[in-house]
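Q: Just one file: entry-v1.txt, with compact mmCIF, C-alpha atoms and all ligand atoms.
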```
# COMPACT_ATOMS: atom_id res chain seq x y z
CA MET A 132 68.34 79.14 86.61
CA SER A 133 69.04 82.88 86.44
CA VAL A 134 66.17 85.34 86.21
CA VAL A 135 68.56 88.24 85.56
CA ALA A 136 67.94 89.53 82.03
CA ASP A 137 71.46 90.40 80.84
CA LEU A 138 74.05 88.65 82.99
CA THR A 139 77.09 90.35 81.48
CA VAL A 140 79.39 92.95 82.97
CA LEU A 141 78.22 95.69 80.59
CA GLY A 142 74.60 94.58 80.98
CA LEU A 143 74.71 94.88 84.77
CA LEU A 144 76.79 98.09 84.77
CA GLY A 145 74.18 99.54 82.40
CA GLU A 146 71.48 98.88 85.01
CA LEU A 147 73.41 101.11 87.44
CA ASP A 148 74.15 103.93 85.04
CA ASP A 149 71.35 106.27 86.12
CA ILE A 150 71.82 105.75 89.86
CA GLY A 151 73.61 108.63 91.58
CA ARG A 152 74.67 110.46 88.43
CA ASP A 153 76.19 113.82 89.32
CA GLU A 154 75.29 116.74 87.06
CA ARG A 155 78.85 118.07 87.55
CA GLY A 156 80.15 114.83 86.00
CA GLY A 157 80.51 111.21 87.05
CA TRP A 158 78.61 109.55 89.89
CA THR A 159 78.21 110.60 93.53
CA ARG A 160 77.14 107.70 95.74
CA PRO A 161 78.14 108.23 99.39
CA GLY A 162 77.65 105.17 101.57
CA PHE A 163 74.09 104.81 102.93
CA GLY A 164 72.89 107.83 100.90
CA PRO A 165 69.89 107.48 98.54
CA ALA A 166 71.96 106.29 95.53
CA ASP A 167 73.89 103.76 97.62
CA LEU A 168 70.66 102.42 99.14
CA GLN A 169 69.24 102.03 95.64
CA LEU A 170 72.39 100.17 94.56
CA ARG A 171 72.21 97.89 97.58
CA ALA A 172 68.56 97.09 96.85
CA TRP A 173 69.55 96.36 93.25
CA PHE A 174 72.28 94.00 94.51
CA VAL A 175 69.85 92.07 96.71
CA GLU A 176 67.48 91.66 93.78
CA CYS A 177 70.19 90.64 91.33
CA ALA A 178 71.93 88.21 93.71
CA THR A 179 68.59 86.67 94.63
CA GLY A 180 67.80 86.47 90.92
CA ILE A 181 70.81 84.22 90.32
CA GLY A 182 69.79 82.04 93.25
CA LEU A 183 72.02 83.36 96.06
CA ASP A 184 70.90 83.84 99.68
CA VAL A 185 71.57 87.40 100.78
CA VAL A 186 72.26 88.31 104.39
CA ALA A 187 73.22 91.69 105.84
CA ASP A 188 75.63 91.81 108.76
CA ARG A 189 75.54 94.27 111.68
CA ASN A 190 77.95 96.61 109.88
CA GLY A 191 76.02 97.19 106.70
CA ASN A 192 77.92 94.64 104.61
CA LEU A 193 75.93 92.33 102.33
CA TRP A 194 76.84 88.67 101.72
CA ALA A 195 75.16 86.64 98.97
CA TRP A 196 75.81 82.95 99.57
CA TRP A 197 75.92 79.92 97.33
CA GLY A 198 75.98 77.08 99.83
CA ALA A 199 75.96 77.16 103.62
CA PRO A 200 78.34 79.87 104.92
CA GLY A 201 81.46 78.27 106.37
CA PRO A 202 85.08 78.93 107.26
CA ASP A 203 86.54 77.41 104.08
CA SER A 204 84.47 79.69 101.85
CA VAL A 205 85.68 81.67 98.86
CA VAL A 206 84.30 85.21 98.89
CA THR A 207 84.55 87.78 96.13
CA GLY A 208 83.15 91.28 95.84
CA SER A 209 83.88 94.95 96.33
CA HIS A 210 81.88 98.10 97.12
CA LEU A 211 79.05 100.06 95.50
CA ASP A 212 79.54 103.52 97.07
CA SER A 213 81.65 106.12 95.28
CA VAL A 214 83.66 109.27 95.86
CA PRO A 215 82.00 112.56 94.80
CA GLY A 216 82.07 112.68 90.99
CA GLY A 217 83.69 109.24 90.70
CA GLY A 218 83.90 106.88 87.75
CA ARG A 219 81.46 104.07 87.10
CA LEU A 220 83.89 101.20 87.75
CA ASP A 221 85.63 101.86 91.09
CA GLY A 222 83.69 99.46 93.28
CA PRO A 223 80.73 98.36 91.14
CA LEU A 224 83.00 96.54 88.67
CA GLY A 225 84.09 94.10 91.39
CA VAL A 226 80.50 93.47 92.50
CA VAL A 227 79.11 93.13 88.99
CA SER A 228 81.96 90.86 87.83
CA ALA A 229 81.45 88.69 90.91
CA LEU A 230 77.73 88.34 90.17
CA VAL A 231 78.41 87.47 86.52
CA ALA A 232 81.17 84.98 87.38
CA VAL A 233 79.09 83.23 90.05
CA GLY A 234 75.98 83.31 87.85
CA ARG A 235 77.92 81.69 85.02
CA LEU A 236 79.35 79.02 87.31
CA ARG A 237 75.85 78.18 88.50
CA ALA A 238 74.48 78.05 84.95
CA SER A 239 77.37 75.81 83.84
CA GLY A 240 76.45 73.12 86.37
CA PHE A 241 79.68 73.62 88.35
CA ALA A 242 79.43 71.96 91.77
CA PRO A 243 81.65 73.83 94.27
CA ILE A 244 83.00 71.81 97.17
CA ARG A 245 83.36 75.01 99.21
CA PRO A 246 80.75 77.73 99.79
CA LEU A 247 81.03 80.76 97.53
CA ALA A 248 79.77 84.25 98.27
CA VAL A 249 79.53 87.66 96.65
CA ALA A 250 80.09 90.54 99.07
CA VAL A 251 79.27 94.23 99.09
CA LEU A 252 81.37 96.04 101.68
CA ALA A 253 79.80 99.21 103.03
CA GLU A 254 81.06 102.79 102.58
CA GLU A 255 84.51 101.91 101.21
CA GLU A 256 85.42 105.40 100.06
CA GLY A 257 84.88 106.99 103.44
CA SER A 258 83.11 109.95 101.80
CA ARG A 259 80.55 109.90 104.59
CA PHE A 260 82.48 110.03 107.87
CA GLY A 261 86.09 110.30 106.66
CA ILE A 262 86.79 106.64 107.54
CA ALA A 263 87.86 104.67 104.46
CA CYS A 264 86.68 101.03 104.25
CA LEU A 265 84.12 101.62 107.02
CA GLY A 266 82.26 98.30 106.59
CA SER A 267 85.36 96.11 106.68
CA ARG A 268 86.95 98.15 109.48
CA LEU A 269 83.86 97.84 111.65
CA LEU A 270 83.60 94.13 110.86
CA THR A 271 87.21 93.46 111.84
CA GLY A 272 87.10 95.70 114.91
CA ALA A 273 89.65 98.12 113.45
CA VAL A 274 87.42 101.05 114.44
CA ASP A 275 85.00 101.62 117.29
CA PRO A 276 81.45 102.25 116.03
CA LEU A 277 80.72 104.66 118.88
CA ALA A 278 83.77 106.72 117.91
CA VAL A 279 83.17 106.84 114.16
CA LEU A 280 79.39 106.78 113.67
CA PRO A 281 77.55 109.95 114.65
CA GLU A 282 74.68 109.68 117.10
CA GLY A 283 71.37 109.50 115.29
CA PHE A 284 72.89 108.04 112.09
CA ASP A 285 70.12 105.90 110.68
CA GLY A 286 72.23 103.83 108.24
CA LEU A 287 73.56 101.57 111.00
CA ASP A 288 72.72 100.78 114.60
CA ARG A 289 75.74 102.13 116.53
CA ASP A 290 75.02 99.85 119.46
CA ARG A 291 74.99 96.71 117.33
CA ALA A 292 77.75 97.62 114.86
CA GLY A 293 81.35 96.64 115.50
CA ARG A 294 83.65 93.64 115.52
CA ASP A 295 81.78 90.59 114.24
CA ASP A 296 83.88 87.45 114.63
CA ALA A 297 81.03 85.18 113.53
CA THR A 298 80.82 86.88 110.12
CA LEU A 299 84.59 87.22 109.81
CA SER A 300 85.09 83.51 110.50
CA ARG A 301 82.85 82.68 107.55
CA ILE A 302 85.25 84.29 105.08
CA GLY A 303 87.86 81.70 104.16
CA ARG A 304 89.60 83.57 101.38
CA PHE A 305 88.67 86.90 99.80
CA VAL A 306 89.37 87.97 96.21
CA GLU A 307 88.47 91.50 95.10
CA LEU A 308 88.35 92.38 91.42
CA HIS A 309 88.89 96.10 90.79
CA VAL A 310 89.56 98.42 87.89
CA GLU A 311 93.23 99.40 87.98
CA GLN A 312 93.71 102.93 89.30
CA GLY A 313 96.84 103.67 87.33
CA ARG A 314 98.51 102.69 84.07
CA GLY A 315 100.53 99.72 85.30
CA LEU A 316 98.71 97.18 83.12
CA VAL A 317 98.80 99.54 80.13
CA ASP A 318 102.58 99.67 80.41
CA LEU A 319 102.74 95.89 80.88
CA ASP A 320 100.40 95.39 77.90
CA ALA A 321 98.17 93.02 79.91
CA PRO A 322 94.37 93.03 80.39
CA VAL A 323 94.50 91.70 83.97
CA GLY A 324 97.02 91.47 86.79
CA LEU A 325 97.28 90.50 90.44
CA ALA A 326 98.04 92.92 93.27
CA THR A 327 101.18 92.60 95.34
CA GLY A 328 100.33 95.18 97.99
CA ILE A 329 98.96 98.59 98.93
CA LEU A 330 100.75 101.74 100.08
CA ALA A 331 100.44 102.86 103.69
CA HIS A 332 97.78 105.54 103.93
CA GLY A 333 96.45 108.06 106.39
CA ARG A 334 93.87 110.84 106.46
CA TRP A 335 93.93 114.02 108.53
CA ARG A 336 91.81 117.13 109.01
CA LEU A 337 93.58 120.49 109.00
CA THR A 338 91.99 123.59 110.47
CA ILE A 339 93.29 127.10 109.96
CA THR A 340 91.70 129.75 112.12
CA GLY A 341 91.69 133.47 111.33
CA ARG A 342 89.30 136.36 111.90
CA GLY A 343 86.11 136.80 109.96
CA ASP A 344 85.55 140.31 108.65
CA HIS A 345 84.19 142.51 105.87
CA ALA A 346 85.67 142.17 102.36
CA GLY A 347 85.23 145.86 101.61
CA SER A 348 85.94 147.69 104.82
CA THR A 349 88.94 145.69 106.07
CA ARG A 350 92.28 146.98 104.76
CA MET A 351 94.67 144.29 103.49
CA ALA A 352 97.12 145.10 106.27
CA ASP A 353 94.47 144.55 108.93
CA ARG A 354 93.38 141.05 107.92
CA THR A 355 93.86 137.66 109.55
CA ASP A 356 92.67 135.75 106.51
CA PRO A 357 92.73 131.94 106.86
CA VAL A 358 92.16 131.44 103.12
CA VAL A 359 95.49 133.08 102.29
CA ALA A 360 97.10 130.96 105.00
CA ALA A 361 95.43 127.88 103.52
CA ALA A 362 97.06 128.60 100.16
CA ARG A 363 100.47 128.56 101.87
CA VAL A 364 99.56 125.35 103.73
CA VAL A 365 98.66 123.60 100.46
CA LEU A 366 102.04 124.57 99.03
CA ALA A 367 103.71 123.23 102.19
CA VAL A 368 101.93 119.90 101.67
CA GLU A 369 103.19 119.67 98.10
CA GLU A 370 106.72 120.57 99.13
CA ALA A 371 106.82 117.96 101.92
CA ALA A 372 105.64 115.21 99.56
CA LEU A 373 108.05 116.16 96.78
CA ALA A 374 110.93 115.98 99.26
CA VAL A 375 110.36 112.22 99.76
CA PRO A 376 110.20 110.37 96.42
CA GLY A 377 107.28 107.99 96.08
CA THR A 378 105.14 109.87 98.60
CA ARG A 379 101.70 111.14 97.55
CA ALA A 380 99.99 113.94 99.46
CA THR A 381 96.64 115.43 98.51
CA VAL A 382 94.41 118.23 99.74
CA GLY A 383 91.16 117.21 98.08
CA ARG A 384 88.68 119.28 100.02
CA ILE A 385 88.88 122.93 101.09
CA GLU A 386 86.06 124.65 102.88
CA ALA A 387 86.11 128.31 103.80
CA VAL A 388 83.75 128.93 106.72
CA PRO A 389 81.23 130.50 106.61
CA GLY A 390 81.91 130.97 102.88
CA GLY A 391 80.68 134.20 101.31
CA THR A 392 81.99 136.20 98.38
CA ASN A 393 82.14 139.39 100.42
CA VAL A 394 83.21 137.70 103.65
CA ILE A 395 86.75 137.17 104.91
CA ALA A 396 86.47 133.64 106.28
CA SER A 397 86.95 132.94 109.96
CA ARG A 398 88.16 129.40 109.43
CA VAL A 399 89.30 127.04 106.66
CA GLU A 400 89.05 123.28 106.87
CA LEU A 401 91.16 121.09 104.61
CA SER A 402 91.41 117.36 104.14
CA LEU A 403 94.83 115.75 103.92
CA ASP A 404 95.51 112.31 102.41
CA VAL A 405 99.11 111.00 102.54
CA ARG A 406 100.44 107.69 101.19
CA ALA A 407 103.87 106.10 100.91
CA GLU A 408 105.60 102.70 100.79
CA ASP A 409 105.54 102.34 104.57
CA GLY A 410 103.72 103.82 107.54
CA GLY A 411 106.89 105.34 109.03
CA THR A 412 107.43 107.43 105.90
CA VAL A 413 103.81 108.62 105.92
CA ARG A 414 104.08 109.68 109.56
CA ALA A 415 107.41 111.44 108.98
CA VAL A 416 106.00 113.39 106.01
CA VAL A 417 102.91 114.37 107.99
CA ALA A 418 105.06 115.55 110.91
CA ARG A 419 106.95 117.76 108.48
CA ILE A 420 103.69 119.04 107.00
CA ALA A 421 102.36 119.88 110.46
CA GLU A 422 105.50 121.84 111.29
CA SER A 423 105.72 123.82 108.06
CA ALA A 424 101.95 124.37 107.86
CA ALA A 425 101.90 125.89 111.36
CA LEU A 426 104.68 128.30 110.30
CA ALA A 427 102.91 129.07 107.01
CA ALA A 428 99.64 129.83 108.81
CA ALA A 429 101.44 132.01 111.35
CA ARG A 430 102.70 134.25 108.53
CA ASN A 431 99.11 135.44 108.18
CA GLY A 432 98.56 135.54 111.93
CA CYS A 433 96.43 132.38 111.76
CA GLY A 434 96.25 129.34 114.01
CA PHE A 435 96.75 125.81 112.74
CA ALA A 436 95.53 122.45 114.07
CA ILE A 437 95.81 118.90 112.72
CA GLU A 438 93.56 116.00 113.69
CA ALA A 439 93.97 112.34 112.69
CA GLY A 440 91.29 110.53 110.65
CA SER A 441 91.70 106.98 109.37
CA TRP A 442 94.96 105.03 109.20
CA SER A 443 96.02 102.00 107.12
CA ASP A 444 99.38 100.30 107.38
CA GLU A 445 100.99 99.11 104.17
CA VAL A 446 99.53 95.80 102.94
CA VAL A 447 101.26 92.78 101.41
CA PHE A 448 98.70 90.40 99.91
CA ASP A 449 99.02 86.71 100.77
CA PRO A 450 101.85 85.35 98.56
CA THR A 451 100.53 81.76 98.65
CA LEU A 452 97.08 82.78 97.47
CA ARG A 453 98.61 85.03 94.83
CA SER A 454 100.74 82.14 93.49
CA GLN A 455 97.67 79.94 93.37
CA LEU A 456 95.70 82.54 91.43
CA ASP A 457 98.65 83.20 89.15
CA ALA A 458 98.84 79.49 88.33
CA ALA A 459 95.07 79.32 87.76
CA LEU A 460 95.39 82.20 85.28
CA GLY A 461 98.42 80.77 83.54
CA GLY A 462 100.72 83.58 84.68
CA VAL A 463 99.73 87.25 84.79
CA PRO A 464 101.69 90.35 85.87
CA ALA A 465 101.80 91.35 89.53
CA LEU A 466 101.77 95.01 90.51
CA PRO A 467 101.30 97.22 93.57
CA THR A 468 98.65 99.90 94.03
CA GLY A 469 98.40 103.22 95.79
CA ALA A 470 94.64 102.93 96.25
CA GLY A 471 92.99 101.56 99.40
CA HIS A 472 90.63 98.57 99.35
CA ASP A 473 88.55 96.42 101.70
CA ALA A 474 90.75 93.49 100.62
CA GLY A 475 93.61 95.37 102.29
CA VAL A 476 91.70 95.63 105.58
CA LEU A 477 90.68 91.96 105.46
CA ALA A 478 94.29 90.97 104.65
CA ALA A 479 95.19 91.36 108.33
CA HIS A 480 92.73 88.55 109.18
CA LEU A 481 92.61 86.07 106.29
CA PRO A 482 94.25 85.33 102.93
CA THR A 483 93.18 87.97 100.43
CA ALA A 484 94.06 88.81 96.85
CA MET A 485 93.14 91.39 94.24
CA LEU A 486 92.66 91.10 90.52
CA PHE A 487 93.06 94.31 88.50
CA VAL A 488 91.49 95.08 85.12
CA ARG A 489 93.39 97.38 82.75
CA ASN A 490 92.28 101.02 82.69
CA PRO A 491 93.48 102.74 79.48
CA THR A 492 93.24 106.23 80.97
CA GLY A 493 94.83 105.22 84.27
CA VAL A 494 92.43 107.76 85.80
CA SER A 495 90.24 106.92 88.77
CA HIS A 496 88.06 108.86 91.23
CA ALA A 497 86.99 110.82 88.13
CA PRO A 498 84.59 110.10 85.25
CA GLU A 499 87.44 109.34 82.81
CA GLU A 500 88.05 106.00 84.57
CA ASP A 501 87.52 103.34 81.90
CA ALA A 502 88.03 99.78 80.63
CA SER A 503 87.40 98.29 77.20
CA GLU A 504 84.67 95.70 76.73
CA ALA A 505 87.32 93.10 75.89
CA ASP A 506 89.19 93.81 79.13
CA LEU A 507 85.99 93.78 81.20
CA ASN A 508 85.32 90.34 79.76
CA ALA A 509 88.90 89.24 80.39
CA GLY A 510 88.44 90.33 84.01
CA VAL A 511 85.26 88.35 84.57
CA ASP A 512 86.72 85.32 82.75
CA ALA A 513 89.74 85.45 85.05
CA LEU A 514 87.55 85.78 88.13
CA GLU A 515 85.39 82.85 87.04
CA GLN A 516 88.53 80.77 86.55
CA ILE A 517 89.82 81.77 89.99
CA LEU A 518 86.53 80.88 91.71
CA ARG A 519 86.39 77.58 89.87
CA ASP A 520 89.92 76.80 91.00
CA LEU A 521 89.52 77.90 94.64
CA ALA A 522 86.14 76.23 95.13
CA SER A 523 87.08 72.85 93.66
C1 LIG B 601 90.01 104.56 97.85
O1 LIG B 601 89.83 104.33 96.67
C2 LIG B 601 91.20 105.25 98.26
O2 LIG B 601 92.30 104.74 97.97
O3 LIG B 601 91.08 106.32 98.82
MN MN B 602 88.01 104.49 95.24
MN MN B 603 87.39 100.96 95.11
```
Show me the file's structure as structure tokens.
A:
Amino acid sequence: MSVVADLTVLGLLGELDDIGRDERGGWTRPGFGPADLQLRAWFVECATGIGLDVVADRNGNLWAWWGAPGPDSVVTGSHLDSVPGGGRLDGPLGVVSALVAVGRLRASGFAPIRPLAVAVLAEEEGSRFGIACLGSRLLTGAVDPLAVLPEGFDGLDRDRAGRDDATLSRIGRFVELHVEQGRGLVDLDAPVGLATGILAHGRWRLTITGRGDHAGSTRMADRTDPVVAAARVVLAVEEAALAVPGTRATVGRIEAVPGGTNVIASRVELSLDVRAEDGGTVRAVVARIAESAALAAARNGCGFAIEAGSWSDEVVFDPTLRSQLDAALGGVPALPTGAGHDAGVLAAHLPTAMLFVRNPTGVSHAPEEDASEADLNAGVDALEQILRDLAS
């Protein structure tokens, strides 16, 4: 039935290897950029090749159906976009495993009594517009397309994008397989596990303003240098996070504007990502950061401003669905994650679950992210078992 040459996880991942490779290391595949578009076209071809009917929704998400879409469906999938210089598994593993599991079920003669679908959710990493899980947030109405999509963006039609109850109502239950982004399963000595929940998470933009000037003719005492202030702000971020155990705070992007070797910058822009067990803790840590960063910037005579980006409350995955999956798998460990996922956004609307595959390095959002062939196979076997169970 399948016209896909090598319907295995490594076979399909291999087909994606050359798409969006970054010469600095890893893969860079921002949502709706050339590499992502190539991956999406690949998905349509592959899903069609195993006999699924692919439809795109108004928010850039792709749904490959086996059976007529309906409210008692079982949907599995993940994302194809990546962070800059990311690993090869964060996102694609969930899509590829879903295609292999569904392809195998079809080849085995399995007759589902509920519709099954493989999904690709758009721009999960938020590398494009700073909004994580863009496709699922637009779909569920968590963000306003006119507020988050720039005018003239040709990846999506801003006037048509946004809350889509018809599509949402066709997702009965959603299961996302993902490489683990930590060493929880290594410590538990288990190839796969189920997620309990996700940390609360927010993103902010910090701007430090100083005075642009000449690197040679401006005496040290006469400078209002926002880069020096930015160094102090980064230390303030670290200090605020360390003061509250379990909190994670990251400045992942720093841009000195205009950016010249012999130019004292006039402005520095920094990204801030903060996560903790609950939203209240995240907000309290960020309030402390804002206060100490303003003081730190002032030491260099600089201004400081903070602007909110995306926000995600803490997530607890559906305990009933998790128990059902646990039983289908004969008992596997359950563990939380600090990483965000579309399954977490969908969890506010329907029963969702996540299946993690062991990552020996524990590293993610970097090329060292990994999984052994045996564990990749254990992941797809588990997903196939779950789909068989949920769709019978
Ligand atoms: C996505 O992987 C995130 O947690 O930022
Ligand atoms: Mn990621
Ligand atoms: Mn991911």
Q: Between atom CA of Glu504 of chain A and atom CA of Leu141 of chain A, what distance in Å does the model show, to one decimal?
A: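 Computing the Euclidean distance for atom CA of Glu504 of chain A and atom CA of Leu141 of chain A yields 7.5 Å.
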Q: Write out as a list in words which residues come within 8 Å of Ala326 of chain A when counting all atoms listed in the file, dropping same-chain ones fewer than 5 positions away.
A: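 The residues satisfying every condition are Phe448, Ala465, Leu466, Pro467, Thr468, Ala484, Met485, Leu486 and Phe487 of chain A.
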Q: Would you please work out which residue, of A:Asp212, A:Asp296, A:Asp409, A:Asp506, is nearest to ligand MN 603 (chain B) when using all atoms listed in the file?
A: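 Smallest distance to ligand MN 603 (chain B) is found for A:Asp212.
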Q: Taking (93.9, 100.3, 95.6) in the file's own coordinates, collect the residues within 8 Å, counting only C-alpha atoms, and hand them back as a ChimeraX atom specification.
A: /A:311-312,329,468-472
Q: What does the list of residues within 10 Å of ligand MN 603 (chain B) look like if you count all atoms listed in the file, written as a list in words?
A: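 Written in the requested form, the residues are Ser209, His210, Leu211, Asp212, Ser213, Val214, Leu220, Asp221, Gly222, Pro223, Leu224, Gly225, Glu254, Glu255, Glu256, Cys264, Glu307, Leu308, His309, Val310, Glu311, Gln312, Ala470, Gly471, His472, Asp473, Ala474, Ser495 and His496 of chain A.
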Q: Compare A:Ser523, A:Thr392, A:Thr349, A:Ser441 by their minimum atom-to-atom distance to ligand LIG 601 (chain B), counting only C-alpha atoms and all ligand atoms, and give me the closest one.
A: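 Closest to ligand LIG 601 (chain B) of all the choices is A:Ser441.
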Q: Return the single residue from A:Val233, A:Val140, A:Ile437, A:Val205 that is closest to Thr179 of chain A, with distances computed using all atoms listed in the file.
A: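 So, comparing all the options, the nearest one is A:Val233.
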Q: If we count all atoms listed in the file and set the cut-off at 8 Å, which residues sit around segment 337-339 of chain A, ignoring sequence neighbours fewer than 2 positions away in its own chain? Please answer as an NGL selection string.
A: :A and (335 or 341 or 357 or 360-361 or 398-403 or 428 or 433-438)
Q: Point out the residue among A:Arg384, A:Val416, A:Arg406, A:His332 with the least atom-to-atom distance to Asp444 of chain A, counting all atoms listed in the file.
A: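 Residue with the minimum atom-to-atom distance to Asp444 of chain A: A:His332.
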Q: Rounded to one decimal place, report the atom CA of Ala178 of chain A-atom CA of Ala195 of chain A distance in Å.
A: 6.4 Å
Q: When you draw a straight line from atom CA of Asp184 of chain A to atom CA of Ala238 of chain A, how long is it in Å?
A: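 Separation between atom CA of Asp184 of chain A and atom CA of Ala238 of chain A: 16.2 Å.
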Q: Considering only C-alpha atoms, can you say which of A:Val306, A:Pro389, A:Ala421, A:Arg414 comes closest to Gln455 of chain A?
A: A:Val306
Q: Kindly provide, as a PyMOL selection string, the polymer residues lying within 12 Å of (87.4, 143.0, 101.0), counting only C-alpha atoms and using the coordinates exactly as they appear in the file.
A: chain A and resi 343-356+391-396
Q: For a quick check of understanding, using only C-alpha atoms, which of A:Gly191, A:Gly240, A:Gly390, A:Gly157 has the smallest distance to Arg171 of chain A?
A: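 Among A:Gly191, A:Gly240, A:Gly390, A:Gly157, it is A:Gly191 that comes nearest to Arg171 of chain A.
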Q: List as a short mmCIF file (atom, residue, chain, number, x, y, z; two decimals) with C-alpha atoms, in the coordinates of the input the protein and nucleic acid residues near Gly198 of chain A, meaning an atom at most 8 Å away when all atoms listed in the file are counted, but skip any in the same chain fewer than 4 places from it.
A:
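Output (out02.cif):
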```cif
data_model
loop_
_atom_site.label_atom_id
_atom_site.label_comp_id
_atom_site.auth_asym_id
_atom_site.auth_seq_id
_atom_site.Cartn_x
_atom_site.Cartn_y
_atom_site.Cartn_z
CA ARG A 245 83.36 75.01 99.21
CA PRO A 246 80.75 77.73 99.79
CA LEU A 247 81.03 80.76 97.53
#
```
Q: I want to know what sits within 7 Å of Val494 of chain A, based on all atoms listed in the file, with residues of the same chain fewer than 3 positions away left out; could you give that as an MDAnalysis selection string?
A: chainID A and resid 312:313 497 499:500
